[in-house]
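Engineer: input_21.csv is reproduced in full below (CSV, C-alpha atoms and all ligand atoms).
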chain,number,residue,atom,x,y,z
A,28,MET,CA,-35.0,25.8,-50.2
A,29,LYS,CA,-31.8,25.1,-52.1
A,30,LYS,CA,-32.3,24.0,-55.7
A,31,TYR,CA,-30.2,21.0,-56.9
A,32,TYR,CA,-29.5,20.0,-60.4
A,33,LYS,CA,-28.4,16.5,-59.8
A,34,PRO,CA,-29.7,13.8,-57.4
A,35,LYS,CA,-27.3,12.5,-54.8
A,36,VAL,CA,-26.4,9.0,-56.2
A,37,VAL,CA,-24.4,6.1,-54.8
A,38,SER,CA,-23.6,2.7,-56.2
A,39,PRO,CA,-25.0,-0.4,-54.6
A,40,SER,CA,-22.6,-2.4,-52.4
A,41,PHE,CA,-22.4,-5.1,-49.7
A,42,GLU,CA,-20.2,-5.9,-46.8
A,43,ILE,CA,-19.9,-9.1,-44.7
A,44,VAL,CA,-20.2,-8.3,-41.0
A,45,PRO,CA,-17.2,-9.6,-39.1
A,46,ASP,CA,-17.8,-12.7,-37.1
A,47,ASP,CA,-15.4,-12.0,-34.2
A,48,ILE,CA,-17.6,-9.5,-32.3
A,49,GLY,CA,-19.6,-10.4,-29.2
A,50,LEU,CA,-23.4,-10.8,-29.0
A,51,ALA,CA,-24.1,-7.4,-27.6
A,52,VAL,CA,-21.7,-5.5,-29.8
A,53,ARG,CA,-23.1,-7.2,-32.9
A,54,ILE,CA,-26.7,-6.4,-31.8
A,55,GLU,CA,-25.9,-2.8,-31.3
A,56,PHE,CA,-23.8,-2.5,-34.5
A,57,THR,CA,-26.7,-3.9,-36.6
A,58,GLY,CA,-29.5,-2.4,-34.6
A,59,ARG,CA,-28.4,1.1,-35.0
A,60,VAL,CA,-28.9,1.0,-38.8
A,61,CYS,CA,-32.6,1.4,-38.2
A,62,TYR,CA,-32.1,4.8,-36.7
A,63,LYS,CA,-28.9,5.6,-38.5
A,64,SER,CA,-27.4,6.3,-35.1
A,65,GLU,CA,-24.1,4.5,-35.5
A,66,ASP,CA,-22.3,7.7,-34.4
A,67,ARG,CA,-23.6,6.9,-30.9
A,68,ILE,CA,-21.7,3.6,-30.6
A,69,SER,CA,-18.9,3.7,-28.0
A,70,ALA,CA,-16.8,1.3,-26.1
A,71,ASP,CA,-19.4,0.7,-23.5
A,72,SER,CA,-22.7,1.5,-25.2
A,73,SER,CA,-23.8,-2.0,-26.2
A,74,ALA,CA,-25.4,-3.1,-22.9
A,75,GLY,CA,-27.6,0.0,-22.7
A,76,PHE,CA,-28.6,-0.3,-26.3
A,77,CYS,CA,-29.6,-4.0,-25.9
A,78,ARG,CA,-31.5,-3.2,-22.7
A,79,GLY,CA,-33.4,-0.4,-24.6
A,80,MET,CA,-34.3,-2.9,-27.4
A,81,VAL,CA,-35.7,-5.4,-24.8
A,82,ASN,CA,-37.7,-2.7,-23.1
A,83,HIS,CA,-39.1,-1.3,-26.3
A,84,LYS,CA,-39.9,-4.8,-27.5
A,85,HIS,CA,-37.9,-4.1,-30.7
A,86,ASN,CA,-37.4,-7.8,-30.7
A,87,SER,CA,-36.1,-8.3,-34.2
A,88,VAL,CA,-32.9,-6.6,-33.1
A,89,LEU,CA,-32.4,-9.5,-30.7
A,90,GLU,CA,-32.3,-11.9,-33.7
A,91,MET,CA,-29.0,-10.5,-34.9
A,92,GLY,CA,-26.8,-12.6,-32.6
A,93,VAL,CA,-26.9,-16.4,-32.4
A,94,ARG,CA,-25.2,-18.9,-30.1
A,95,THR,CA,-24.6,-22.6,-30.7
A,96,CYS,CA,-24.6,-24.9,-27.7
A,97,GLU,CA,-23.6,-28.6,-27.4
A,98,VAL,CA,-25.9,-30.3,-24.9
A,99,LYS,CA,-25.5,-33.6,-23.2
A,100,ALA,CA,-28.4,-34.6,-21.0
A,101,ARG,CA,-28.8,-37.6,-18.7
A,102,THR,CA,-32.3,-38.3,-20.0
A,103,LYS,CA,-33.9,-37.6,-23.3
A,104,SER,CA,-37.1,-36.1,-21.9
A,105,HIS,CA,-35.9,-32.4,-21.9
A,106,MET,CA,-34.8,-32.6,-25.5
A,107,ARG,CA,-38.1,-34.4,-26.5
A,108,GLU,CA,-40.0,-31.6,-24.8
A,109,ILE,CA,-38.2,-29.0,-27.0
A,110,ILE,CA,-38.7,-31.0,-30.2
A,111,MET,CA,-42.4,-31.4,-29.4
A,112,ALA,CA,-42.7,-27.7,-29.1
A,113,MET,CA,-41.7,-27.5,-32.7
A,114,PRO,CA,-39.4,-24.5,-32.3
A,115,LYS,CA,-39.4,-22.7,-35.6
A,116,TYR,CA,-36.3,-20.6,-34.9
A,117,LEU,CA,-33.9,-23.1,-33.4
A,118,PHE,CA,-31.6,-25.3,-35.4
A,119,ILE,CA,-31.2,-28.7,-33.7
A,120,ASP,CA,-29.0,-31.6,-34.7
A,121,ASP,CA,-28.9,-34.8,-32.7
A,122,PHE,CA,-25.8,-37.1,-32.7
A,123,PRO,CA,-27.2,-40.1,-30.9
A,124,PHE,CA,-24.0,-42.2,-31.1
A,125,GLU,CA,-22.1,-39.4,-29.4
A,126,LYS,CA,-24.9,-38.7,-27.1
A,127,ARG,CA,-24.9,-35.0,-27.8
A,128,THR,CA,-27.1,-32.4,-29.5
A,129,LEU,CA,-26.3,-29.2,-31.2
A,130,ILE,CA,-28.7,-26.3,-30.7
A,131,THR,CA,-28.3,-22.9,-32.4
A,132,GLY,CA,-30.6,-20.0,-31.8
A,133,SER,CA,-30.7,-16.3,-31.5
A,134,VAL,CA,-31.0,-14.3,-28.3
A,135,ARG,CA,-34.6,-13.8,-29.2
A,136,ALA,CA,-35.2,-17.5,-29.9
A,137,PHE,CA,-33.8,-18.6,-26.5
A,138,ARG,CA,-35.6,-15.8,-24.6
A,139,GLU,CA,-38.9,-16.9,-26.1
A,140,MET,CA,-38.2,-20.6,-25.6
A,141,LEU,CA,-37.6,-19.8,-21.9
A,142,MET,CA,-41.0,-18.1,-21.8
A,143,ARG,CA,-42.7,-21.0,-23.5
A,144,LEU,CA,-40.9,-23.8,-21.6
A,145,PRO,CA,-39.8,-22.2,-18.4
A,146,GLY,CA,-39.3,-25.6,-16.7
A,147,ASN,CA,-37.2,-27.2,-19.4
A,148,GLU,CA,-33.7,-27.9,-18.0
A,149,ILE,CA,-31.9,-27.5,-21.3
A,150,ILE,CA,-33.4,-24.1,-22.1
A,151,ARG,CA,-32.9,-23.0,-18.5
A,152,THR,CA,-29.2,-24.0,-18.6
A,153,ILE,CA,-28.6,-22.2,-21.9
A,154,ALA,CA,-30.4,-19.1,-20.6
A,155,PHE,CA,-28.5,-19.3,-17.3
A,156,ASP,CA,-25.2,-19.3,-19.2
A,157,MET,CA,-26.1,-16.5,-21.5
A,158,ASN,CA,-27.4,-14.4,-18.6
A,159,LYS,CA,-24.0,-14.6,-16.9
A,160,ASN,CA,-22.3,-12.6,-19.6
A,161,HIS,CA,-25.4,-10.7,-20.9
A,162,PRO,CA,-27.8,-10.0,-18.1
A,163,TYR,CA,-29.5,-7.2,-20.1
A,164,PHE,CA,-31.1,-9.8,-22.4
A,165,PHE,CA,-33.1,-11.3,-19.5
A,166,GLU,CA,-33.8,-8.5,-17.0
A,167,ASP,CA,-37.6,-8.4,-17.9
A,168,ILE,CA,-37.9,-12.2,-17.5
A,169,ALA,CA,-35.3,-12.7,-14.7
A,170,SER,CA,-37.8,-14.5,-12.6
A,171,LEU,CA,-37.8,-17.4,-15.1
A,172,LEU,CA,-34.1,-18.0,-14.8
A,173,PRO,CA,-32.8,-20.8,-12.5
A,174,VAL,CA,-30.9,-19.7,-9.4
A,175,LYS,CA,-28.4,-22.5,-9.9
A,176,ARG,CA,-27.1,-24.3,-13.0
A,177,SER,CA,-28.6,-27.7,-13.5
A,178,ARG,CA,-26.4,-30.7,-12.7
A,179,LYS,CA,-28.4,-33.0,-15.0
A,180,ILE,CA,-27.3,-31.1,-18.2
A,181,SER,CA,-23.9,-30.6,-19.6
A,182,CYS,CA,-24.0,-27.6,-21.9
A,183,ARG,CA,-21.2,-25.7,-23.5
A,184,GLN,CA,-20.9,-22.9,-26.1
A,185,VAL,CA,-19.5,-24.1,-29.4
A,186,SER,CA,-17.1,-21.7,-31.1
A,187,LEU,CA,-17.3,-20.6,-34.8
A,188,GLU,CA,-14.0,-22.3,-35.4
A,189,GLU,CA,-15.5,-25.6,-34.3
A,190,ILE,CA,-18.6,-25.1,-36.4
A,191,ASP,CA,-16.5,-24.4,-39.4
A,192,GLN,CA,-14.8,-27.7,-39.0
A,193,MET,CA,-18.0,-29.7,-39.0
A,194,GLU,CA,-19.3,-31.5,-42.0
A,195,PRO,CA,-20.8,-29.1,-44.6
A,196,GLU,CA,-24.4,-30.0,-44.0
A,197,ILE,CA,-24.1,-29.4,-40.3
A,198,GLN,CA,-22.0,-26.3,-40.8
A,199,ALA,CA,-24.7,-24.9,-43.2
A,200,ARG,CA,-27.4,-25.2,-40.6
A,201,HIS,CA,-25.5,-23.8,-37.6
A,202,ARG,CA,-23.1,-21.3,-39.2
A,203,HIS,CA,-24.8,-17.8,-39.5
A,204,LEU,CA,-23.6,-14.9,-41.5
A,205,ALA,CA,-24.7,-11.3,-41.6
A,206,VAL,CA,-24.4,-9.2,-44.7
A,207,LYS,CA,-25.0,-5.4,-44.9
A,208,PHE,CA,-26.4,-4.3,-48.3
A,209,ILE,CA,-26.6,-0.7,-49.4
A,210,VAL,CA,-29.2,-0.9,-52.2
A,211,SER,CA,-32.5,0.6,-53.4
A,212,ARG,CA,-35.8,0.1,-51.6
A,213,ALA,CA,-36.9,-1.9,-54.6
A,214,VAL,CA,-34.1,-4.5,-53.9
A,215,THR,CA,-34.8,-4.7,-50.1
A,216,HIS,CA,-38.5,-5.2,-50.8
A,217,GLU,CA,-37.5,-8.4,-52.6
A,218,ILE,CA,-34.8,-9.5,-50.1
A,219,VAL,CA,-37.2,-9.4,-47.2
A,220,ARG,CA,-39.3,-12.1,-48.9
A,221,HIS,CA,-36.7,-14.6,-47.7
A,222,ARG,CA,-38.5,-15.8,-44.6
A,223,PRO,CA,-35.8,-17.7,-42.7
A,224,CYS,CA,-33.6,-14.6,-42.5
A,225,SER,CA,-33.5,-11.9,-39.9
A,226,PHE,CA,-33.5,-8.3,-41.1
A,227,LEU,CA,-32.8,-4.8,-39.9
A,228,GLN,CA,-33.2,-1.9,-42.2
A,229,GLU,CA,-32.7,1.9,-42.2
A,230,SER,CA,-36.2,3.2,-41.3
A,231,GLN,CA,-37.7,6.0,-43.3
A,232,ARG,CA,-40.1,6.4,-40.4
A,233,TYR,CA,-37.2,7.3,-37.9
A,234,CYS,CA,-34.7,8.9,-40.3
A,235,CYS,CA,-35.4,12.5,-41.2
A,236,TYR,CA,-33.5,13.3,-44.3
A,237,SER,CA,-33.8,17.0,-43.9
A,238,ASP,CA,-31.4,16.7,-41.0
A,239,GLY,CA,-27.8,17.8,-41.4
A,240,LYS,CA,-26.6,14.4,-40.6
A,241,PHE,CA,-28.0,13.2,-43.9
A,242,GLY,CA,-26.6,16.3,-45.6
A,243,SER,CA,-30.2,17.5,-45.8
A,244,ARG,CA,-30.6,15.3,-48.9
A,245,ILE,CA,-32.1,12.1,-50.1
A,246,THR,CA,-29.7,9.6,-51.5
A,247,PHE,CA,-30.6,7.4,-54.4
A,248,ILE,CA,-29.1,4.2,-55.8
A,249,LYS,CA,-27.5,4.4,-59.3
A,250,PRO,CA,-29.9,2.4,-61.5
A,251,VAL,CA,-28.4,-0.5,-63.3
A,252,PHE,CA,-30.9,0.0,-66.1
A,253,PHE,CA,-29.8,3.4,-67.6
A,254,LYS,CA,-26.4,4.5,-68.9
A,255,GLU,CA,-25.2,7.5,-66.9
A,256,ASP,CA,-25.1,10.0,-69.8
A,257,SER,CA,-28.4,8.8,-71.5
A,258,GLU,CA,-31.6,10.6,-71.9
A,259,ASP,CA,-33.4,8.0,-69.7
A,260,TYR,CA,-30.9,8.5,-66.9
A,261,GLU,CA,-31.7,12.3,-67.1
A,262,ILE,CA,-35.4,11.6,-66.9
A,263,TRP,CA,-34.9,9.3,-63.9
A,264,GLY,CA,-32.7,11.9,-62.2
A,265,LYS,CA,-35.3,14.7,-62.7
A,266,GLU,CA,-38.0,12.6,-61.1
A,267,CYS,CA,-35.7,11.8,-58.1
A,268,LEU,CA,-35.0,15.5,-57.6
A,269,SER,CA,-38.7,16.3,-57.8
A,270,ALA,CA,-39.5,13.7,-55.2
A,271,GLU,CA,-36.7,15.0,-53.0
A,272,ALA,CA,-38.0,18.6,-53.3
A,273,VAL,CA,-41.6,17.5,-52.4
A,274,TYR,CA,-40.2,15.5,-49.4
A,275,MET,CA,-38.3,18.6,-48.1
A,276,LYS,CA,-41.5,20.7,-48.5
A,277,LEU,CA,-43.7,18.2,-46.7
A,278,ILE,CA,-41.2,17.5,-43.8
A,279,LYS,CA,-41.5,21.1,-42.7
A,280,ASN,CA,-45.0,20.4,-41.3
A,281,ASN,CA,-45.1,16.7,-41.1
A,282,SER,CA,-43.3,13.6,-39.7
A,283,PRO,CA,-40.8,11.5,-41.8
A,284,GLN,CA,-43.4,8.8,-42.1
A,285,ALA,CA,-45.8,11.2,-43.8
A,286,ALA,CA,-43.2,12.9,-46.0
A,287,ARG,CA,-41.7,9.5,-47.1
A,288,THR,CA,-44.9,8.7,-49.0
A,289,VAL,CA,-43.6,10.5,-52.0
A,290,LEU,CA,-40.2,8.7,-52.1
A,291,PRO,CA,-39.5,6.3,-55.0
A,292,ASN,CA,-38.1,2.8,-55.1
A,293,SER,CA,-34.7,4.2,-56.1
A,294,CYS,CA,-34.1,5.6,-52.6
A,295,LYS,CA,-30.9,4.3,-51.0
A,296,THR,CA,-31.4,2.1,-47.9
A,297,GLU,CA,-29.2,0.0,-45.7
A,298,ILE,CA,-30.2,-3.5,-44.6
A,299,PHE,CA,-28.6,-6.3,-42.6
A,300,VAL,CA,-29.6,-9.8,-43.6
A,301,TYR,CA,-28.7,-12.5,-41.2
A,302,ALA,CA,-29.1,-16.2,-42.0
A,303,ASN,CA,-27.4,-19.5,-41.8
A,304,LEU,CA,-25.3,-20.7,-44.8
A,305,ALA,CA,-28.1,-23.0,-46.0
A,306,GLU,CA,-30.4,-20.1,-46.5
A,307,TRP,CA,-27.6,-18.0,-48.1
A,308,HIS,CA,-27.2,-20.9,-50.5
A,309,HIS,CA,-30.9,-20.7,-51.4
A,310,ILE,CA,-30.9,-16.9,-51.7
A,311,LEU,CA,-27.8,-16.9,-53.9
A,312,HIS,CA,-29.3,-19.6,-56.1
A,313,MET,CA,-32.5,-17.6,-56.6
A,314,ARG,CA,-31.0,-14.2,-56.8
A,315,THR,CA,-28.1,-14.7,-59.1
A,316,SER,CA,-30.1,-16.6,-61.7
A,317,LYS,CA,-30.8,-14.9,-65.1
A,318,ALA,CA,-34.5,-14.6,-64.0
A,319,ALA,CA,-33.6,-12.5,-61.0
A,320,GLU,CA,-33.9,-8.7,-61.0
A,321,PRO,CA,-30.7,-7.1,-62.5
A,322,SER,CA,-30.3,-4.7,-59.5
A,323,MET,CA,-30.4,-7.7,-57.2
A,324,ARG,CA,-27.9,-9.7,-59.3
A,325,GLU,CA,-25.6,-6.6,-59.2
A,326,VAL,CA,-25.0,-7.3,-55.5
A,327,MET,CA,-25.7,-11.0,-55.2
A,328,ILE,CA,-23.3,-12.2,-57.9
A,329,PRO,CA,-20.2,-10.6,-56.3
A,330,LEU,CA,-21.5,-11.8,-52.8
A,331,GLN,CA,-21.7,-15.3,-54.2
A,332,LYS,CA,-18.1,-15.1,-55.4
A,333,GLU,CA,-17.0,-13.9,-52.0
A,334,LEU,CA,-18.8,-16.6,-50.1
A,335,MET,CA,-17.4,-19.3,-52.5
A,336,LYS,CA,-13.9,-18.1,-51.4
A,337,ARG,CA,-14.8,-18.0,-47.7
A,338,PHE,CA,-16.6,-21.3,-47.6
A,339,PRO,CA,-15.3,-23.4,-50.4
A,340,GLU,CA,-16.8,-26.6,-48.8
A,341,GLN,CA,-20.3,-25.1,-49.1
A,342,ASN,CA,-20.5,-25.4,-52.9
A,343,PHE,CA,-22.2,-22.0,-53.4
A,344,GLY,CA,-22.2,-22.7,-57.1
A,345,GLU,CA,-20.1,-21.6,-60.0
A,346,PRO,CA,-19.8,-17.9,-60.3
A,347,LEU,CA,-22.3,-16.5,-62.8
A,348,ARG,CA,-21.6,-14.0,-65.5
A,349,MET,CA,-21.6,-10.4,-64.2
A,350,PRO,CA,-24.5,-8.2,-65.4
A,351,GLU,CA,-23.7,-5.9,-68.2
A,352,GLY,CA,-21.8,-2.8,-67.1
A,353,TYR,CA,-20.8,-4.2,-63.7
A,354,VAL,CA,-17.2,-3.7,-62.9
B,401,LIG,C1,-37.3,-14.4,-60.5
B,401,LIG,C2,-38.2,-14.2,-59.4
B,401,LIG,C3,-39.5,-13.7,-59.6
B,401,LIG,C4,-40.4,-13.4,-58.6
B,401,LIG,N1,-41.6,-12.9,-58.8
B,401,LIG,C5,-42.5,-12.7,-57.8
B,401,LIG,C6,-43.8,-12.1,-58.1
B,401,LIG,O1,-44.1,-11.8,-59.2
B,401,LIG,N2,-44.6,-11.9,-57.0
B,401,LIG,C7,-44.3,-12.2,-55.8
B,401,LIG,O2,-45.1,-12.1,-54.8
B,401,LIG,N3,-43.1,-12.8,-55.5
B,401,LIG,C8,-42.2,-13.0,-56.5
B,401,LIG,N4,-40.9,-13.5,-56.2
B,401,LIG,C9,-40.6,-13.9,-54.8
B,401,LIG,C10,-40.7,-15.4,-54.6
B,401,LIG,O3,-42.0,-15.8,-54.8
B,401,LIG,C11,-40.3,-15.7,-53.1
B,401,LIG,O4,-41.2,-15.1,-52.2
B,401,LIG,C12,-38.9,-15.3,-52.7
B,401,LIG,O5,-38.0,-15.5,-53.8
B,401,LIG,C13,-38.5,-16.0,-51.4
B,401,LIG,O6,-38.0,-17.3,-51.8
B,401,LIG,P1,-38.6,-18.7,-51.2
B,401,LIG,O7,-40.1,-18.5,-51.0
B,401,LIG,O8,-38.2,-19.7,-52.2
B,401,LIG,O9,-37.9,-19.0,-50.0
B,401,LIG,P2,-37.5,-18.4,-48.5
B,401,LIG,O10,-38.5,-17.5,-47.9
B,401,LIG,O11,-36.1,-17.8,-48.6
B,401,LIG,O12,-37.5,-19.7,-47.7
B,401,LIG,C14,-36.4,-20.7,-47.8
B,401,LIG,C15,-37.0,-22.1,-47.7
B,401,LIG,O13,-37.7,-22.2,-46.5
B,401,LIG,C16,-38.9,-23.0,-46.7
B,401,LIG,N5,-40.1,-22.2,-46.4
B,401,LIG,C17,-40.1,-20.9,-45.9
B,401,LIG,N6,-41.3,-20.5,-45.6
B,401,LIG,C18,-42.1,-21.6,-45.9
B,401,LIG,C19,-43.5,-21.8,-45.8
B,401,LIG,N7,-44.4,-20.9,-45.3
B,401,LIG,N8,-44.0,-23.0,-46.2
B,401,LIG,C20,-43.1,-24.0,-46.6
B,401,LIG,N9,-41.8,-23.8,-46.8
B,401,LIG,C21,-41.3,-22.6,-46.4
B,401,LIG,C22,-38.8,-23.4,-48.2
B,401,LIG,O14,-38.2,-24.7,-48.2
B,401,LIG,C23,-37.9,-22.4,-48.8
B,401,LIG,O15,-37.2,-22.9,-49.9
B,401,LIG,C24,-40.0,-13.7,-57.2
B,401,LIG,C25,-38.7,-14.3,-57.0
B,401,LIG,C26,-37.8,-14.5,-58.0
B,401,LIG,C27,-36.5,-15.0,-57.7
Mind turning this structure into structure tokens?
Ligand SMILES: Cc1cc2nc3c(=O)[nH]c(=O)nc-3n(C[C@H](O)[C@H](O)[C@H](O)COP(=O)(O)OP(=O)(O)OC[C@H]3O[C@@H](n4cnc5c(N)ncnc54)[C@H](O)[C@@H]3O)c2cc1C

Structural biologist:
Amino acid sequence: MKKYYKPKVVSPSFEIVPDDIGLAVRIEFTGRVCYKSEDRISADSSAGFCRGMVNHKHNSVLEMGVRTCEVKARTKSHMREIIMAMPKYLFIDDFPFEKRTLITGSVRAFREMLMRLPGNEIIRTIAFDMNKNHPYFFEDIASLLPVKRSRKISCRQVSLEEIDQMEPEIQARHRHLAVKFIVSRAVTHEIVRHRPCSFLQESQRYCCYSDGKFGSRITFIKPVFFKEDSEDYEIWGKECLSAEAVYMKLIKNNSPQAARTVLPNSCKTEIFVYANLAEWHHILHMRTSKAAEPSMREVMIPLQKELMKRFPEQNFGEPLRMPEGYV
């Protein structure tokens, strides 16, 4: 086994996922982070990937794309039925004077609503429309889909541009945004506590770091706590190297899930966090405050600045002072 003298270290970072990609492409793009198989993305791979996720019941991947619909129904009974089902994962706003309702939900949320309320005309119409462009999302429950589109329901997809022109409170509930973070496992352990979000994370169970595609190395996140040329940084680095060496020994006779048991919190991981702007507001408020963990603030403070620029109407708060040493 090759002996290394320095751990492989990267700085934490974030990237906002572009909005202008279709449901299936976005689901594949985010979903492949779990397996670190982004190299398998091609011009026509997304349908097969989505089908695989449905078949394997890797349902959280289907949360990574949402659709907003404007519904006008002749009677209120269908909407009442949806409200009575208390759907936790749909965002619903009713505009009684305009006789219209906005409903936003992920592919997963609409699939599961169809299974729960298979007779509901609104849900059936939304699923019918989605199925036209994305049949792979409904193949396993195709028998629940209507054969014809309901005439009692007027339903249309609302574009992001339209949502961005709505009043801030409505925009905040319906406008979703995905951010990819490259951070330590310690940071992702905290991020995933934010329950209204959807998450997809590089899996230490699937990824085998002795593979050439990972350079046969474990990557660590540069700790915000220790100066690079300090004694403490050296101590930290030695421990990382030691964990890496043990992992590489164990992986020879064991699975990644067994070998990973020796890996520390400093391991690099990649995570997609998908939420509406209201939840991002909450996350940024909590995670940029002085009480928050410094490694968390390291990525959340610049993200807050970026979101303030993109969504000035959302009042994401004044930019906070950067943590010491952050450039
Ligand atoms: C400085 C700091 C220190 C922390 N220390 C600890 C610690 O020592 N130990 C620890 O375990 N955790 C700790 N946490 C995590 C913290 O307790 C929360 O789990 C985490 O910040 C998620 O935030 P949240 O619960 O406010 O909201 P989220 O999960 O982001 O939810 C957003 C909103 O949804 C609503 N909501 C979501 N779920 C429910 C629910 N079940 N019931 C009612 N309302 C709900 C609430 O209105 C909430 O504001 C800490 C967090 C911070 C920022």

Engineer: Taking all atoms listed in the file into account, name the residue in A:Ser186, A:Arg244, A:Gly146, A:Ser269 that is nearest to A:Asp47.

Structural biologist: A:Ser186

Engineer: (-28.4, -34.5, -21.4) in this file's frame - what residues fall within 7 Å of it? Use all atoms listed in the file and give the answer as a JSON list (two decimals) with C-alpha atoms, in the coordinates of the input.

Structural biologist:
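What ended up in point-v7.json:
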[["chain", "number", "residue", "atom", "x", "y", "z"],
["A", 98, "VAL", "CA", -25.90, -30.30, -24.90],
["A", 99, "LYS", "CA", -25.50, -33.60, -23.20],
["A", 100, "ALA", "CA", -28.40, -34.60, -21.00],
["A", 101, "ARG", "CA", -28.80, -37.60, -18.70],
["A", 102, "THR", "CA", -32.30, -38.30, -20.00],
["A", 103, "LYS", "CA", -33.90, -37.60, -23.30],
["A", 179, "LYS", "CA", -28.40, -33.00, -15.00],
["A", 180, "ILE", "CA", -27.30, -31.10, -18.20],
["A", 181, "SER", "CA", -23.90, -30.60, -19.60]]

Engineer: Can you work out which residues are within 8 Å of ligand LIG 401 (chain B), considering all atoms listed in the file, and then hand them over as a list of chain:residue names?

Structural biologist: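 These are the residues that qualify: A:Glu217, A:Ile218, A:Val219, A:Arg220, A:His221, A:Arg222, A:Pro223, A:Cys224, A:Glu306, A:His309, A:Ile310, A:Met313, A:Arg314, A:Ser316, A:Lys317, A:Ala318, A:Ala319, A:Glu320.
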
Engineer: Export, as a compact mmCIF listing (two decimals), in the coordinates of the input, the selected residues with C-alpha atoms.

Structural biologist:
# COMPACT_ATOMS: atom_id res chain seq x y z
CA GLU A 217 -37.50 -8.40 -52.60
CA ILE A 218 -34.80 -9.50 -50.10
CA VAL A 219 -37.20 -9.40 -47.20
CA ARG A 220 -39.30 -12.10 -48.90
CA HIS A 221 -36.70 -14.60 -47.70
CA ARG A 222 -38.50 -15.80 -44.60
CA PRO A 223 -35.80 -17.70 -42.70
CA CYS A 224 -33.60 -14.60 -42.50
CA GLU A 306 -30.40 -20.10 -46.50
CA HIS A 309 -30.90 -20.70 -51.40
CA ILE A 310 -30.90 -16.90 -51.70
CA MET A 313 -32.50 -17.60 -56.60
CA ARG A 314 -31.00 -14.20 -56.80
CA SER A 316 -30.10 -16.60 -61.70
CA LYS A 317 -30.80 -14.90 -65.10
CA ALA A 318 -34.50 -14.60 -64.00
CA ALA A 319 -33.60 -12.50 -61.00
CA GLU A 320 -33.90 -8.70 -61.00

Engineer: So what do you get for atom CA of A:Phe155 versus atom CA of A:Ala51, distance-wise?

Structural biologist: 16.3 Å

Engineer: Go through A:Met323, A:Ile278, A:Ala272, A:Ile298 and flag the residue nearest A:Tyr31, using only C-alpha atoms for the distances.

Structural biologist: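 Among the listed residues, the smallest separation from A:Tyr31 belongs to A:Ala272.
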
Engineer: Could you state the separation of atom CA of A:Cys267 and atom CA of A:Phe41 in Å, given to one decimal place?

Structural biologist: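 Going from atom CA of A:Cys267 over to atom CA of A:Phe41, I get 23.1 Å.
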
Engineer: Could you check which of A:Met91, A:Ser237, A:Ala285, A:Ser293 is closest to A:Gly264, using all atoms listed in the file?

Structural biologist: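 Under the stated criterion, the closest residue is A:Ser293.
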
Engineer: Nearest residue to A:Ala74 out of A:Ser38, A:Asn160, A:Ser257, A:Asn342, using all atoms listed in the file?

Structural biologist: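 Checking each of A:Ser38, A:Asn160, A:Ser257, A:Asn342 against A:Ala74, counting all atoms listed in the file, the winner is A:Asn160.
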
Engineer: Using all atoms listed in the file, can you tell me which of A:Lys249, A:Arg53, A:Arg59, A:His85 comes closest to A:Cys234?

Structural biologist: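 Among the listed residues, A:Arg59 lies closest to A:Cys234.
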
Engineer: At what distance in Å, to one decimal, does atom CA of A:Leu304 lie from atom CA of A:Phe343?

Structural biologist: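 Taking atom CA of A:Phe343 and atom CA of A:Leu304, their separation equals 9.2 Å.
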
Engineer: From the list A:Thr315, A:Thr95, A:Gln284, A:Thr57, which residue is nearest A:Cys77 when using all atoms listed in the file?

Structural biologist: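 Closest candidate: A:Thr57.
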
Engineer: With only C-alpha atoms as the counted atoms, please give the residues lying no more than 12 Å from A:Met140, apart from itself and same-chain residues fewer than 5 positions off, as a ChimeraX atom specification.

Structural biologist: /A:108-110,112-117,132-135,145-154,168,171-172

Engineer: Could you give me, as a list in words, the residues within 12 Å of A:Gly75, counting only C-alpha atoms and dropping anything in the same chain fewer than 5 positions from it?

Structural biologist: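 Here the answer would be Ala51, Val52, Ile54, Glu55, Arg67, Ile68, Ser69, Ala70, Met80, Val81, Asn82, His161, Pro162, Tyr163, Phe164 and Glu166 of chain A.
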
Engineer: Within 12 Å of stretch 239-243 of chain A, counting all atoms listed in the file, which residues show up once you throw out same-chain ones fewer than 6 positions away? Write them as a list in words, please.

Structural biologist: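 The neighbour list is Met28, Lys29, Tyr31, Lys35, Tyr62, Lys63, Ser64, Glu65, Asp66, Glu271, Ala272, Tyr274, Met275, Ile278 and Lys295 of chain A.
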